[in-house]
file input17.txt (compact mmCIF, C-alpha atoms)
# COMPACT_ATOMS: atom_id res chain seq x y z
CA MET A 70 -14.34 -18.73 -24.80
CA ASN A 71 -15.31 -15.36 -23.40
CA ARG A 72 -12.44 -13.76 -21.49
CA LYS A 73 -14.64 -12.76 -18.53
CA LEU A 74 -15.72 -16.40 -18.18
CA ILE A 75 -12.09 -17.58 -18.21
CA GLN A 76 -11.25 -14.97 -15.56
CA LEU A 77 -14.17 -16.17 -13.44
CA LEU A 78 -13.10 -19.82 -13.79
CA PHE A 79 -9.54 -18.99 -12.71
CA LEU A 80 -10.89 -16.93 -9.80
CA ILE A 81 -12.91 -19.93 -8.57
CA LEU A 82 -10.01 -22.32 -9.20
CA GLN A 83 -7.63 -20.16 -7.17
CA ASN A 84 -10.11 -19.43 -4.38
CA PRO A 85 -11.86 -22.70 -3.49
CA PHE A 86 -11.73 -22.21 0.29
CA ILE A 87 -14.46 -19.59 0.63
CA GLY A 88 -15.49 -21.01 4.02
CA ASN A 89 -12.20 -19.79 5.48
CA PHE A 90 -13.58 -16.25 5.46
CA LEU A 91 -15.81 -17.34 8.35
CA THR A 92 -13.03 -18.92 10.37
CA GLY A 93 -10.54 -16.12 9.67
CA ARG A 94 -7.72 -18.53 8.92
CA PRO A 95 -6.01 -18.87 5.54
CA HIS A 96 -5.58 -22.22 3.78
CA THR A 97 -2.24 -23.83 4.68
CA GLY A 98 -2.21 -26.94 2.47
CA THR A 99 0.44 -28.14 0.03
CA THR A 100 -0.93 -26.05 -2.85
CA LYS A 101 0.45 -22.96 -1.07
CA SER A 102 3.90 -24.15 -2.21
CA PHE A 103 2.97 -23.25 -5.77
CA CYS A 104 2.78 -19.69 -7.07
CA ALA A 105 -0.18 -18.67 -9.19
CA PRO A 106 0.83 -16.11 -11.84
CA GLY A 107 -1.40 -13.26 -10.71
CA LEU A 108 -1.62 -10.60 -8.03
CA HIS A 109 -3.39 -11.98 -4.98
CA CYS A 110 -2.55 -12.30 -1.31
CA TYR A 111 -0.97 -15.19 0.50
CA SER A 112 -3.11 -14.42 3.51
CA CYS A 113 -6.41 -14.21 1.67
CA PRO A 114 -8.41 -16.92 3.50
CA SER A 115 -9.82 -18.52 0.33
CA MET A 116 -6.58 -18.53 -1.69
CA ALA A 117 -5.14 -21.94 -2.57
CA PHE A 118 -1.82 -20.78 -4.03
CA GLY A 119 1.17 -18.67 -3.08
CA CYS A 120 1.86 -15.15 -4.29
CA PRO A 121 5.01 -14.88 -6.45
CA LEU A 122 5.75 -11.35 -5.21
CA GLY A 123 5.22 -12.36 -1.58
CA VAL A 124 7.57 -15.35 -1.99
CA LEU A 125 10.16 -13.21 -3.74
CA GLN A 126 10.24 -10.57 -1.01
CA TYR A 127 10.10 -13.09 1.84
CA VAL A 128 13.12 -15.03 0.53
CA VAL A 129 15.08 -11.87 -0.28
CA LYS A 130 14.39 -10.36 3.15
CA TYR A 131 14.92 -13.37 5.39
CA ALA A 132 17.51 -15.41 3.48
CA ARG A 133 19.29 -12.55 1.65
CA MET A 134 19.61 -14.70 -1.44
CA ILE A 135 18.41 -14.75 -5.04
CA PRO A 136 14.78 -15.91 -4.94
CA TYR A 137 15.20 -18.85 -7.33
CA TYR A 138 11.75 -20.25 -6.69
CA ALA A 139 9.84 -17.04 -7.44
CA ILE A 140 11.95 -16.15 -10.47
CA GLY A 141 11.73 -19.72 -11.82
CA SER A 142 7.96 -19.86 -11.33
CA ILE A 143 7.35 -16.52 -13.01
CA ALA A 144 9.74 -17.13 -15.93
CA ALA A 145 8.43 -20.66 -16.62
CA VAL A 146 4.91 -19.34 -17.12
CA ALA A 147 5.98 -16.14 -18.86
CA ALA A 148 8.07 -18.00 -21.46
CA PHE A 149 4.86 -19.48 -22.82
CA PHE A 150 2.25 -16.83 -22.10
CA GLY A 151 4.09 -13.54 -21.45
CA SER A 152 1.77 -11.28 -19.50
CA ALA A 153 -1.36 -12.98 -20.85
CA THR A 154 -1.89 -14.29 -17.33
CA CYS A 155 -2.62 -10.67 -16.32
CA GLY A 156 -5.50 -10.64 -18.74
CA PHE A 157 -6.88 -14.10 -18.00
CA VAL A 158 -5.68 -15.37 -14.60
CA CYS A 159 -4.98 -12.42 -12.28
CA PRO A 160 -7.74 -12.09 -9.64
CA PHE A 161 -6.95 -8.45 -8.95
CA GLY A 162 -7.07 -7.63 -12.67
CA PHE A 163 -10.52 -9.22 -12.82
CA PHE A 164 -11.58 -7.32 -9.70
CA GLN A 165 -10.49 -4.04 -11.30
CA GLU A 166 -12.40 -4.76 -14.50
CA ILE A 167 -15.59 -5.61 -12.59
CA LEU A 168 -15.18 -2.52 -10.42
CA HIS A 169 -14.69 -0.28 -13.44
CA SER A 170 -17.62 -1.78 -15.34
CA ILE A 171 -20.08 -1.03 -12.50
CA SER A 172 -18.60 2.35 -11.63
CA PRO A 173 -20.88 5.37 -12.02
CA TRP A 174 -17.91 7.67 -12.72
CA LYS A 175 -15.90 5.51 -15.13
CA ASN A 176 -14.16 7.25 -17.98
CA ASN A 177 -12.97 4.95 -20.74
CA LYS A 178 -10.87 7.71 -22.27
CA ALA A 179 -9.02 8.50 -19.03
CA VAL A 180 -5.31 7.84 -19.45
CA LEU A 181 -2.51 9.43 -17.45
CA PRO A 182 0.57 10.61 -19.39
CA LYS A 183 2.88 7.82 -20.56
CA GLY A 184 5.52 8.76 -17.99
CA PHE A 185 3.31 7.46 -15.17
CA ARG A 186 3.89 3.91 -16.48
CA TYR A 187 7.46 4.14 -15.17
CA ILE A 188 6.17 4.21 -11.57
CA LYS A 189 5.94 0.42 -11.63
CA TRP A 190 9.61 0.21 -12.62
CA GLY A 191 10.45 2.19 -9.49
CA ILE A 192 8.17 -0.01 -7.37
CA LEU A 193 9.80 -3.19 -8.72
CA ILE A 194 13.36 -1.97 -8.15
CA VAL A 195 12.87 -0.18 -4.83
CA PHE A 196 10.01 -1.90 -3.02
CA VAL A 197 10.18 -5.46 -4.37
CA ILE A 198 13.97 -5.86 -4.55
CA LEU A 199 16.05 -3.18 -2.76
CA VAL A 200 14.16 -2.60 0.51
CA PRO A 201 13.65 -6.34 1.22
CA ALA A 202 17.31 -6.96 0.27
CA LEU A 203 18.32 -4.42 2.94
CA GLY A 204 16.28 -6.43 5.43
CA VAL A 205 13.99 -3.50 6.20
CA ALA A 206 10.60 -4.90 5.18
CA GLN A 207 8.63 -6.86 2.62
CA SER A 208 7.91 -3.37 1.46
CA PHE A 209 5.62 -3.90 -1.54
CA CYS A 210 3.34 -6.20 0.46
CA ALA A 211 3.66 -4.18 3.63
CA TRP A 212 3.28 -0.67 2.26
CA ILE A 213 1.67 -0.77 -1.18
CA CYS A 214 -0.18 -3.96 -2.22
CA PRO A 215 -3.95 -3.30 -2.13
CA THR A 216 -4.89 -7.00 -2.48
CA GLY A 217 -3.46 -7.78 0.95
CA THR A 218 -5.55 -5.05 2.53
CA ILE A 219 -8.79 -5.63 0.64
CA PHE A 220 -8.91 -9.44 0.40
CA ALA A 221 -6.92 -10.46 3.49
CA GLY A 222 -6.53 -7.62 6.00
CA LEU A 223 -10.13 -6.42 6.17
CA PRO A 224 -11.82 -9.87 6.17
CA LEU A 225 -9.35 -11.28 8.72
CA ILE A 226 -9.73 -8.33 11.06
CA GLY A 227 -13.49 -8.64 10.73
CA VAL A 228 -13.58 -12.17 12.20
CA ASN A 229 -10.31 -12.44 14.13
CA LYS A 230 -10.34 -10.35 17.31
CA GLY A 231 -6.70 -11.18 18.08
CA LEU A 232 -5.53 -9.45 14.91
CA ARG A 233 -7.37 -6.23 15.70
CA ALA A 234 -4.90 -5.52 18.51
CA SER A 235 -2.11 -5.27 15.90
CA ILE A 236 -3.70 -2.44 13.93
CA GLY A 237 -1.24 0.43 13.65
CA VAL A 238 0.10 3.17 11.39
CA THR A 239 0.91 0.78 8.52
CA PHE A 240 -2.62 -0.57 8.41
CA TYR A 241 -4.18 2.90 8.28
CA TRP A 242 -1.71 3.89 5.56
CA LYS A 243 -2.66 0.81 3.53
CA ILE A 244 -6.37 1.48 3.99
CA ILE A 245 -5.93 5.03 2.67
CA LEU A 246 -3.77 3.92 -0.28
CA SER A 247 -6.07 1.01 -1.18
CA THR A 248 -9.10 3.31 -1.07
CA LEU A 249 -7.39 5.78 -3.41
CA ILE A 250 -6.42 2.96 -5.79
CA VAL A 251 -9.95 1.53 -5.79
CA LEU A 252 -11.47 4.97 -6.41
CA TYR A 253 -9.10 5.66 -9.30
CA VAL A 254 -9.65 2.17 -10.77
CA MET A 255 -13.36 3.02 -10.84
CA ARG A 256 -12.47 5.93 -13.10
CA GLU A 257 -9.62 4.51 -15.18
CA LYS A 258 -9.74 0.86 -16.25
CA ARG A 259 -7.02 -1.38 -14.76
CA ALA A 260 -5.24 1.70 -13.39
CA PHE A 261 -3.26 -0.40 -10.90
CA CYS A 262 -1.98 -2.63 -13.73
CA ARG A 263 -1.17 0.37 -15.88
CA TYR A 264 0.93 2.30 -13.40
CA LEU A 265 1.72 0.30 -10.27
CA CYS A 266 1.86 -3.48 -10.76
CA PRO A 267 5.43 -4.87 -10.57
CA LEU A 268 4.28 -8.44 -11.30
CA GLY A 269 2.74 -7.40 -14.61
CA LEU A 270 6.00 -5.67 -15.44
CA MET A 271 8.03 -8.80 -14.69
CA LEU A 272 5.74 -10.92 -16.86
CA GLY A 273 5.84 -8.22 -19.55
CA PHE A 274 9.62 -8.64 -19.94
CA PHE A 275 8.81 -11.85 -21.83
CA ASN A 276 6.10 -10.41 -24.07
CA LYS A 277 8.15 -10.13 -27.25
CA ILE A 278 9.47 -13.68 -27.13
CA SER A 279 6.68 -15.68 -25.48
CA LEU A 280 4.91 -18.33 -27.54
CA TYR A 281 1.52 -16.70 -27.04
CA GLN A 282 1.33 -13.57 -29.18
CA ILE A 283 -1.17 -11.03 -30.38
CA LYS A 284 -0.50 -10.99 -34.11
CA LEU A 285 -0.85 -7.94 -36.31
CA ASN A 286 -1.20 -8.32 -40.05
CA LYS A 287 0.59 -5.20 -41.27
CA ASN A 288 -0.85 -5.52 -44.77
CA LYS A 289 -4.41 -5.41 -43.49
CA CYS A 290 -3.97 -2.76 -40.79
CA THR A 291 -5.09 0.72 -41.83
CA THR A 292 -4.04 2.29 -38.49
CA CYS A 293 -7.64 3.43 -37.97
CA LYS A 294 -6.99 3.10 -34.20
CA ALA A 295 -10.34 1.38 -33.54
CA CYS A 296 -8.41 -1.18 -31.48
CA GLN A 297 -7.01 1.53 -29.23
CA LYS A 298 -10.45 2.41 -27.88
CA SER A 299 -10.96 -1.13 -26.56
CA CYS A 300 -7.55 -1.57 -24.91
CA PRO A 301 -7.99 -1.98 -21.12
CA MET A 302 -4.39 -0.84 -20.62
CA GLY A 303 -4.86 2.39 -22.58
CA LEU A 304 -1.99 1.57 -24.93
CA ASP A 305 -1.17 3.33 -28.16
CA LEU A 306 -2.39 0.57 -30.46
CA PRO A 307 -1.51 -0.97 -32.81
CA LYS A 308 2.06 0.25 -32.16
CA GLU A 309 2.18 -1.16 -28.63
CA ILE A 310 0.77 -4.63 -29.33
CA ASN A 311 2.92 -7.15 -27.39
CA SER A 312 4.80 -4.29 -25.72
CA ILE A 313 5.95 -4.64 -22.11
CA ASP A 314 2.69 -3.03 -20.91
CA CYS A 315 0.40 -5.18 -23.11
CA ILE A 316 -1.55 -7.82 -21.15
CA LYS A 317 -2.40 -9.82 -24.30
CA CYS A 318 -6.08 -9.92 -23.39
CA GLY A 319 -7.10 -9.78 -27.05
CA ASP A 320 -9.83 -7.17 -26.48
CA CYS A 321 -8.40 -5.34 -29.48
CA ILE A 322 -9.23 -8.23 -31.84
CA PRO A 323 -13.04 -7.89 -32.09
CA SER A 324 -12.75 -4.11 -32.27
CA CYS A 325 -10.85 -4.32 -35.56
CA PRO A 326 -13.33 -3.57 -38.36
CA ALA A 327 -14.70 -6.84 -39.76
CA GLU A 328 -13.54 -6.19 -43.31
CA PHE A 329 -9.91 -5.94 -42.12
CA SER A 330 -9.50 -8.34 -39.15
CA ALA A 331 -5.86 -7.36 -38.97
CA ILE A 332 -5.34 -8.61 -35.41
CA SER A 333 -5.42 -12.21 -34.21
CA LYS A 334 -4.03 -14.19 -31.30
CA GLY A 335 -2.49 -17.56 -30.69
CA PHE A 336 0.70 -19.52 -30.16
CA THR A 337 3.39 -18.87 -32.70
CA PHE A 338 6.67 -20.72 -33.21
CA SER A 339 7.77 -18.39 -35.98
CA ASP A 340 11.13 -16.64 -35.52
CA ARG A 341 9.84 -13.57 -37.25
CA VAL A 342 8.10 -11.50 -34.63
CA GLU A 343 7.03 -8.33 -36.34
CA ASP A 344 7.49 -5.17 -34.39
CA PRO A 345 4.22 -3.28 -34.99
CA LYS A 346 5.92 0.05 -34.26
CA THR A 347 8.54 -0.40 -36.98
CA THR A 348 6.25 -1.91 -39.59
CA LEU A 349 3.58 0.70 -39.10
CA ASP A 350 6.07 3.57 -39.20
CA LEU A 351 7.44 2.21 -42.48
CA LYS A 352 3.94 1.84 -43.87
CA HIS A 353 3.06 5.38 -42.86
CA LYS A 354 6.20 6.69 -44.60
CA GLN A 355 5.40 4.71 -47.75
CA THR A 356 1.82 5.97 -47.93
CA SER A 357 2.88 9.58 -47.26
CA ARG A 358 5.37 9.39 -50.19
CA HIS A 359 2.53 8.38 -52.51
CA MET B 108 13.73 -22.18 -34.80
CA LYS B 109 15.64 -19.45 -32.95
CA LYS B 110 12.54 -18.52 -30.97
CA VAL B 111 11.88 -22.13 -29.97
CA LEU B 112 15.50 -22.39 -28.83
CA ILE B 113 15.30 -19.22 -26.72
CA ILE B 114 12.06 -20.30 -25.07
CA THR B 115 13.46 -23.78 -24.43
CA ILE B 116 16.51 -22.24 -22.73
CA ILE B 117 14.36 -19.87 -20.61
CA PHE B 118 12.08 -22.73 -19.62
CA ALA B 119 15.00 -25.04 -18.80
CA VAL B 120 16.68 -22.36 -16.64
CA SER B 121 13.35 -21.64 -14.90
CA VAL B 122 12.80 -25.31 -14.13
CA SER B 123 16.38 -25.64 -12.86
CA PHE B 124 15.74 -22.65 -10.54
CA VAL B 125 12.59 -24.30 -9.18
CA VAL B 126 14.39 -27.66 -8.74
CA LYS B 127 17.24 -25.86 -6.98
CA SER B 128 14.81 -24.28 -4.54
CA TRP B 129 13.48 -27.76 -3.66
CA THR B 130 16.87 -29.46 -3.32
CA HIS B 131 19.58 -26.92 -2.46
CA GLU B 132 20.22 -26.28 1.24
CA ILE B 133 20.65 -22.62 2.09
CA ASP B 134 22.09 -23.01 5.60
CA ASN B 135 23.78 -25.51 7.91
CA TYR B 136 20.45 -26.64 9.37
CA GLY B 137 19.33 -28.19 6.08
CA THR B 138 16.77 -25.48 5.32
CA LYS B 139 15.76 -25.30 1.67
CA GLU B 140 14.28 -22.31 -0.12
CA ILE B 141 10.98 -24.15 -0.49
CA ASP B 142 10.80 -24.44 3.31
CA LEU B 143 10.79 -20.64 3.48
CA VAL B 144 8.08 -20.54 0.83
CA ASN B 145 6.00 -23.04 2.82
CA SER B 146 6.51 -21.26 6.12
CA ALA B 147 5.39 -18.00 4.49
CA GLY B 148 2.27 -19.68 3.12
CA LYS B 149 1.27 -21.48 6.28
CA THR B 150 0.89 -18.45 8.51
CA VAL B 151 -1.06 -15.23 8.33
CA CYS B 152 1.42 -12.84 6.71
CA MET B 153 1.20 -9.82 9.00
CA SER B 154 3.18 -7.69 6.53
CA CYS B 155 0.83 -8.48 3.68
CA ILE B 156 -2.27 -7.45 5.56
CA GLY B 157 -0.62 -4.34 6.96
CA LEU B 158 -0.48 -5.43 10.58
CA SER B 159 3.26 -5.81 10.90
CA ASP B 160 5.32 -3.07 12.48
CA GLU B 161 7.24 -2.71 9.25
CA ASN B 162 6.32 0.91 8.76
CA ILE B 163 8.90 3.32 7.50
CA ILE B 164 8.21 5.80 10.31
CA THR B 165 9.03 3.22 12.99
CA TYR B 166 12.09 2.17 11.02
CA ILE B 167 13.46 5.71 10.80
CA LEU B 168 12.62 6.39 14.47
CA ASN B 169 14.48 3.22 15.47
CA ILE B 170 17.56 4.38 13.56
CA PHE B 171 17.50 7.73 15.40
CA ARG B 172 16.84 6.02 18.75
CA SER B 173 19.75 3.62 18.29
CA GLU B 174 22.04 6.48 17.20
CA SER B 175 21.08 8.65 20.19
CA SER B 176 21.52 5.74 22.62
CA ASN B 177 24.92 5.01 21.09
CA SER B 178 26.03 8.63 21.51
CA LYS B 179 24.82 8.63 25.16
CA GLU B 180 26.83 5.46 25.81
CA LYS B 181 29.93 7.10 24.31
CA LYS B 182 29.48 10.13 26.58
call {"tool": "encode", "arguments": {"input": "input17.txt", "output": "structure tokens"}}
result
Amino acid sequence: MNRKLIQLLFLILQNPFIGNFLTGRPHTGTTKSFCAPGLHCYSCPSMAFGCPLGVLQYVVKYARMIPYYAIGSIAAVAAFFGSATCGFVCPFGFFQEILHSISPWKNNKAVLPKGFRYIKWGILIVFVILVPALGVAQSFCAWICPTGTIFAGLPLIGVNKGLRASIGVTFYWKIILSTLIVLYVMREKRAFCRYLCPLGLMLGFFNKISLYQIKLNKNKCTTCKACQKSCPMGLDLPKEINSIDCIKCGDCIPSCPAEFSAISKGFTFSDRVEDPKTTLDLKHKQTSRH
Amino acid sequence: MKKVLIITIIFAVSVSFVVKSWTHEIDNYGTKEIDLVNSAGKTVCMSCIGLSDENIITYILNIFRSESSNSKEKK
């Protein structure tokens, strides 16, 4: 099935309460006890599920304890799928792709230097763990997360007069940051996922061992780099297939020249997970000797 | 086989974490972690939408204010 269609289905499945945008009140049913493995906001009126990052920070800040529920929810899904949920389930990932596809100033070749990818490590350690653990704030949600501003803050303020009285410095800061993120996403595909998303990073920790894998046939691969042009994360393919930054979307598969078809996807129980970086380096050395 | 074993262990630990959050009491009032999760989900999260006073400027100002008031009290 087409990936865009799967993303749309998951978007509808996660956001069935569209009518709540008119009332300005988020859904508060039992489904909110379950975390959906994607970046979205708790307070988004239509959202049926909880946000794993929101839960994590809330528990760390208010109970000063290890957030067993958030970690368990994320790891249970990631053990099977790794960060494939970023590519298929995440509403904000889908939003970014749509935004980029309709953007008049998109640049598919735009990629910031590799070092920028470490920003999300800093965000995870400082804003998702340390600052909430010090009891200061749910800092990722409060200061950085653009989904809260775009899909919850703005719609809620639009219909709920009571909330407008609470607008302050933080809100203006989040509006500015979210605008900058949206503008840059319109230029560079999935820029938020590439450089800022701590949830994608957490799911990516499981990429090498998860059951769902993007498989590279090293014997067929000619390292022509055709796959690299289609990667929404701007990775150095095929070396970085299943790397911590890979979202396992499989967009690289159809881009592989038909006569080779070196890349495939699916669940694998095999112990032997080939490291594309190592195998391709070896292959390059062998061919250069000849 | 090794991979299946690792994933089984990760999954089992994850499930035990989730079960613990539903069953383990975190204070003397019988509050469980899942109660915190539910309470977070059943209100408008003011932090998430940027309407909470959790801004770093206020936080730093409060530190200075409390320090200056403490020094005045000492004097």
call {"tool": "interface_residues", "arguments": {"input": "input17.txt", "of": "chain A", "to": "chain B", "cutoff": "6 Å", "atoms": "all atoms listed in the file", "output": "list of chain:residue names"}}
result
A:Thr97, A:Lys101, A:Ser102, A:Ser112, A:Val124, A:Tyr137, A:Tyr138, A:Gly141, A:Ala144, A:Ala145, A:Ala148, A:Ala206, A:Cys210, A:Ala211, A:Gly217, A:Thr218, A:Ala221, A:Gly222, A:Ser235, A:Ile236, A:Thr239, A:Phe240, A:Asp340
call {"tool": "atom_distance", "arguments": {"input": "input17.txt", "atom1": "atom CA of A:Ile244", "atom2": "atom CA of A:Cys113"}}
result
15.9 Å
call {"tool": "residues_around", "arguments": {"input": "input17.txt", "residues": "A:Thr216", "least_positions_apart": "2", "cutoff": "6 Å", "atoms": "all atoms listed in the file", "output": "list in words"}}
result
His109, Cys110, Cys214, Thr218, Ile219 and Phe220 of chain A
call {"tool": "residues_around", "arguments": {"input": "input17.txt", "residues": "A:Val158", "least_positions_apart": "2", "cutoff": "12 Å", "atoms": "only C-alpha atoms", "output": "MDAnalysis selection string"}}
result
chainID A and resid 72:84 105:109 146 150 152:156 160:164 269 316:318
call {"tool": "write_last_selection", "arguments": {"input": "input17.txt", "atoms": "C-alpha atoms", "output": "short mmCIF file (atom, residue, chain, number, x, y, z; two decimals), in the frame of the given file"}}
result
data_model
loop_
_atom_site.label_atom_id
_atom_site.label_comp_id
_atom_site.auth_asym_id
_atom_site.auth_seq_id
_atom_site.Cartn_x
_atom_site.Cartn_y
_atom_site.Cartn_z
CA ARG A 72 -12.44 -13.76 -21.49
CA LYS A 73 -14.64 -12.76 -18.53
CA LEU A 74 -15.72 -16.40 -18.18
CA ILE A 75 -12.09 -17.58 -18.21
CA GLN A 76 -11.25 -14.97 -15.56
CA LEU A 77 -14.17 -16.17 -13.44
CA LEU A 78 -13.10 -19.82 -13.79
CA PHE A 79 -9.54 -18.99 -12.71
CA LEU A 80 -10.89 -16.93 -9.80
CA ILE A 81 -12.91 -19.93 -8.57
CA LEU A 82 -10.01 -22.32 -9.20
CA GLN A 83 -7.63 -20.16 -7.17
CA ASN A 84 -10.11 -19.43 -4.38
CA ALA A 105 -0.18 -18.67 -9.19
CA PRO A 106 0.83 -16.11 -11.84
CA GLY A 107 -1.40 -13.26 -10.71
CA LEU A 108 -1.62 -10.60 -8.03
CA HIS A 109 -3.39 -11.98 -4.98
CA VAL A 146 4.91 -19.34 -17.12
CA PHE A 150 2.25 -16.83 -22.10
CA SER A 152 1.77 -11.28 -19.50
CA ALA A 153 -1.36 -12.98 -20.85
CA THR A 154 -1.89 -14.29 -17.33
CA CYS A 155 -2.62 -10.67 -16.32
CA GLY A 156 -5.50 -10.64 -18.74
CA PRO A 160 -7.74 -12.09 -9.64
CA PHE A 161 -6.95 -8.45 -8.95
CA GLY A 162 -7.07 -7.63 -12.67
CA PHE A 163 -10.52 -9.22 -12.82
CA PHE A 164 -11.58 -7.32 -9.70
CA GLY A 269 2.74 -7.40 -14.61
CA ILE A 316 -1.55 -7.82 -21.15
CA LYS A 317 -2.40 -9.82 -24.30
CA CYS A 318 -6.08 -9.92 -23.39
#
call {"tool": "axis_aligned_box", "arguments": {"input": "input17.txt", "around": "stretch 126-131 of chain B", "padding_each_side": "4 Å", "output": "AutoDock Vina command-line options"}}
result
--center_x 16.5 --center_y -26.9 --center_z -5.6 --size_x 14.1 --size_y 13.2 --size_z 14.3
call {"tool": "residues_near_point", "arguments": {"input": "input17.txt", "point": "(-0.4, -20.6, -6.5)", "cutoff": "7 Å", "atoms": "all atoms listed in the file", "output": "compact mmCIF listing (two decimals) with C-alpha atoms, in the coordinates of the input"}}
result
# COMPACT_ATOMS: atom_id res chain seq x y z
CA THR A 100 -0.93 -26.05 -2.85
CA LYS A 101 0.45 -22.96 -1.07
CA PHE A 103 2.97 -23.25 -5.77
CA CYS A 104 2.78 -19.69 -7.07
CA ALA A 105 -0.18 -18.67 -9.19
CA ALA A 117 -5.14 -21.94 -2.57
CA PHE A 118 -1.82 -20.78 -4.03
CA GLY A 119 1.17 -18.67 -3.08
CA CYS A 120 1.86 -15.15 -4.29
call {"tool": "closest_atom_pairs", "arguments": {"input": "input17.txt", "of": "stretch 285-306 of chain A", "to": "stretch 249-264 of chain A", "cutoff": "9 Å", "atoms": "all atoms listed in the file", "output": "tab-separated table"}}
result
residue	atom	partner	partner_atom	distance
A:Pro301	CA	A:Lys258	CA	5.9
A:Met302	CA	A:Arg263	CA	5.9
A:Gly303	CA	A:Arg263	CA	7.9
call {"tool": "write_last_selection", "arguments": {"input": "input17.txt", "atoms": "C-alpha atoms", "output": "PDB file, in the coordinates of the input"}}
result
ATOM      1  CA  PRO A 301      -7.990  -1.980 -21.120  1.00  0.00           C
ATOM      2  CA  MET A 302      -4.390  -0.840 -20.620  1.00  0.00           C
ATOM      3  CA  GLY A 303      -4.860   2.390 -22.580  1.00  0.00           C
TER       4      GLY A 303
END
call {"tool": "atom_distance", "arguments": {"input": "input17.txt", "atom1": "atom CA of A:Ile283", "atom2": "atom CA of A:Gly335"}}
result
6.7 Å
call {"tool": "atom_distance", "arguments": {"input": "input17.txt", "atom1": "atom CA of A:Val200", "atom2": "atom CA of A:Gln126"}}
result
9.0 Å
call {"tool": "closest_residue", "arguments": {"input": "input17.txt", "among": "A:Pro121, A:Pro114, A:Gly151, A:Pro85", "to": "A:Phe336", "atoms": "all atoms listed in the file"}}
result
A:Gly151
call {"tool": "closest_residue", "arguments": {"input": "input17.txt", "among": "A:Phe338, A:Asn71, A:Leu265, A:Ile140", "to": "A:Asp320", "atoms": "all atoms listed in the file"}}
result
A:Asn71
call {"tool": "closest_residue", "arguments": {"input": "input17.txt", "among": "A:Ile167, A:Met116, A:Val205, A:Leu199", "to": "B:Asn169", "atoms": "all atoms listed in the file"}}
result
A:Val205
call {"tool": "decode", "arguments": {"input": "input17.txt", "residues": "stretch 172-182 of chain B", "atoms": "N, CA, C and O atoms", "output": "compact mmCIF listing (two decimals), in the first residue's frame"}}
result
# COMPACT_ATOMS: atom_id res chain seq x y z
N ARG B 172 14.90 36.89 42.36
CA ARG B 172 13.99 37.53 43.33
C ARG B 172 14.08 36.84 44.68
O ARG B 172 14.14 37.49 45.72
N SER B 173 14.10 35.51 44.65
CA SER B 173 14.15 34.77 45.92
C SER B 173 15.49 35.00 46.63
O SER B 173 15.55 35.15 47.84
N GLU B 174 16.58 35.09 45.82
CA GLU B 174 17.90 35.34 46.41
C GLU B 174 17.98 36.74 47.04
O GLU B 174 18.49 36.92 48.14
N SER B 175 17.42 37.73 46.31
CA SER B 175 17.47 39.11 46.83
C SER B 175 16.59 39.25 48.08
O SER B 175 16.96 39.94 49.03
N SER B 176 15.43 38.56 48.08
CA SER B 176 14.57 38.64 49.27
C SER B 176 15.22 37.94 50.47
O SER B 176 15.11 38.40 51.60
N ASN B 177 15.94 36.85 50.17
CA ASN B 177 16.67 36.15 51.24
C ASN B 177 17.76 37.03 51.85
O ASN B 177 17.92 37.08 53.06
N SER B 178 18.51 37.73 50.99
CA SER B 178 19.58 38.60 51.48
C SER B 178 19.03 39.78 52.28
O SER B 178 19.61 40.21 53.26
N LYS B 179 17.85 40.30 51.86
CA LYS B 179 17.21 41.39 52.61
C LYS B 179 16.80 40.91 54.01
O LYS B 179 16.94 41.62 55.00
N GLU B 180 16.25 39.69 54.05
CA GLU B 180 15.82 39.11 55.33
C GLU B 180 17.02 38.95 56.27
O GLU B 180 16.92 39.20 57.47
N LYS B 181 18.16 38.53 55.69
CA LYS B 181 19.37 38.34 56.50
C LYS B 181 19.84 39.67 57.10
O LYS B 181 20.27 39.76 58.23
N LYS B 182 19.75 40.75 56.24
CA LYS B 182 20.16 42.07 56.72
C LYS B 182 19.23 42.54 57.85
O LYS B 182 19.62 43.13 58.82
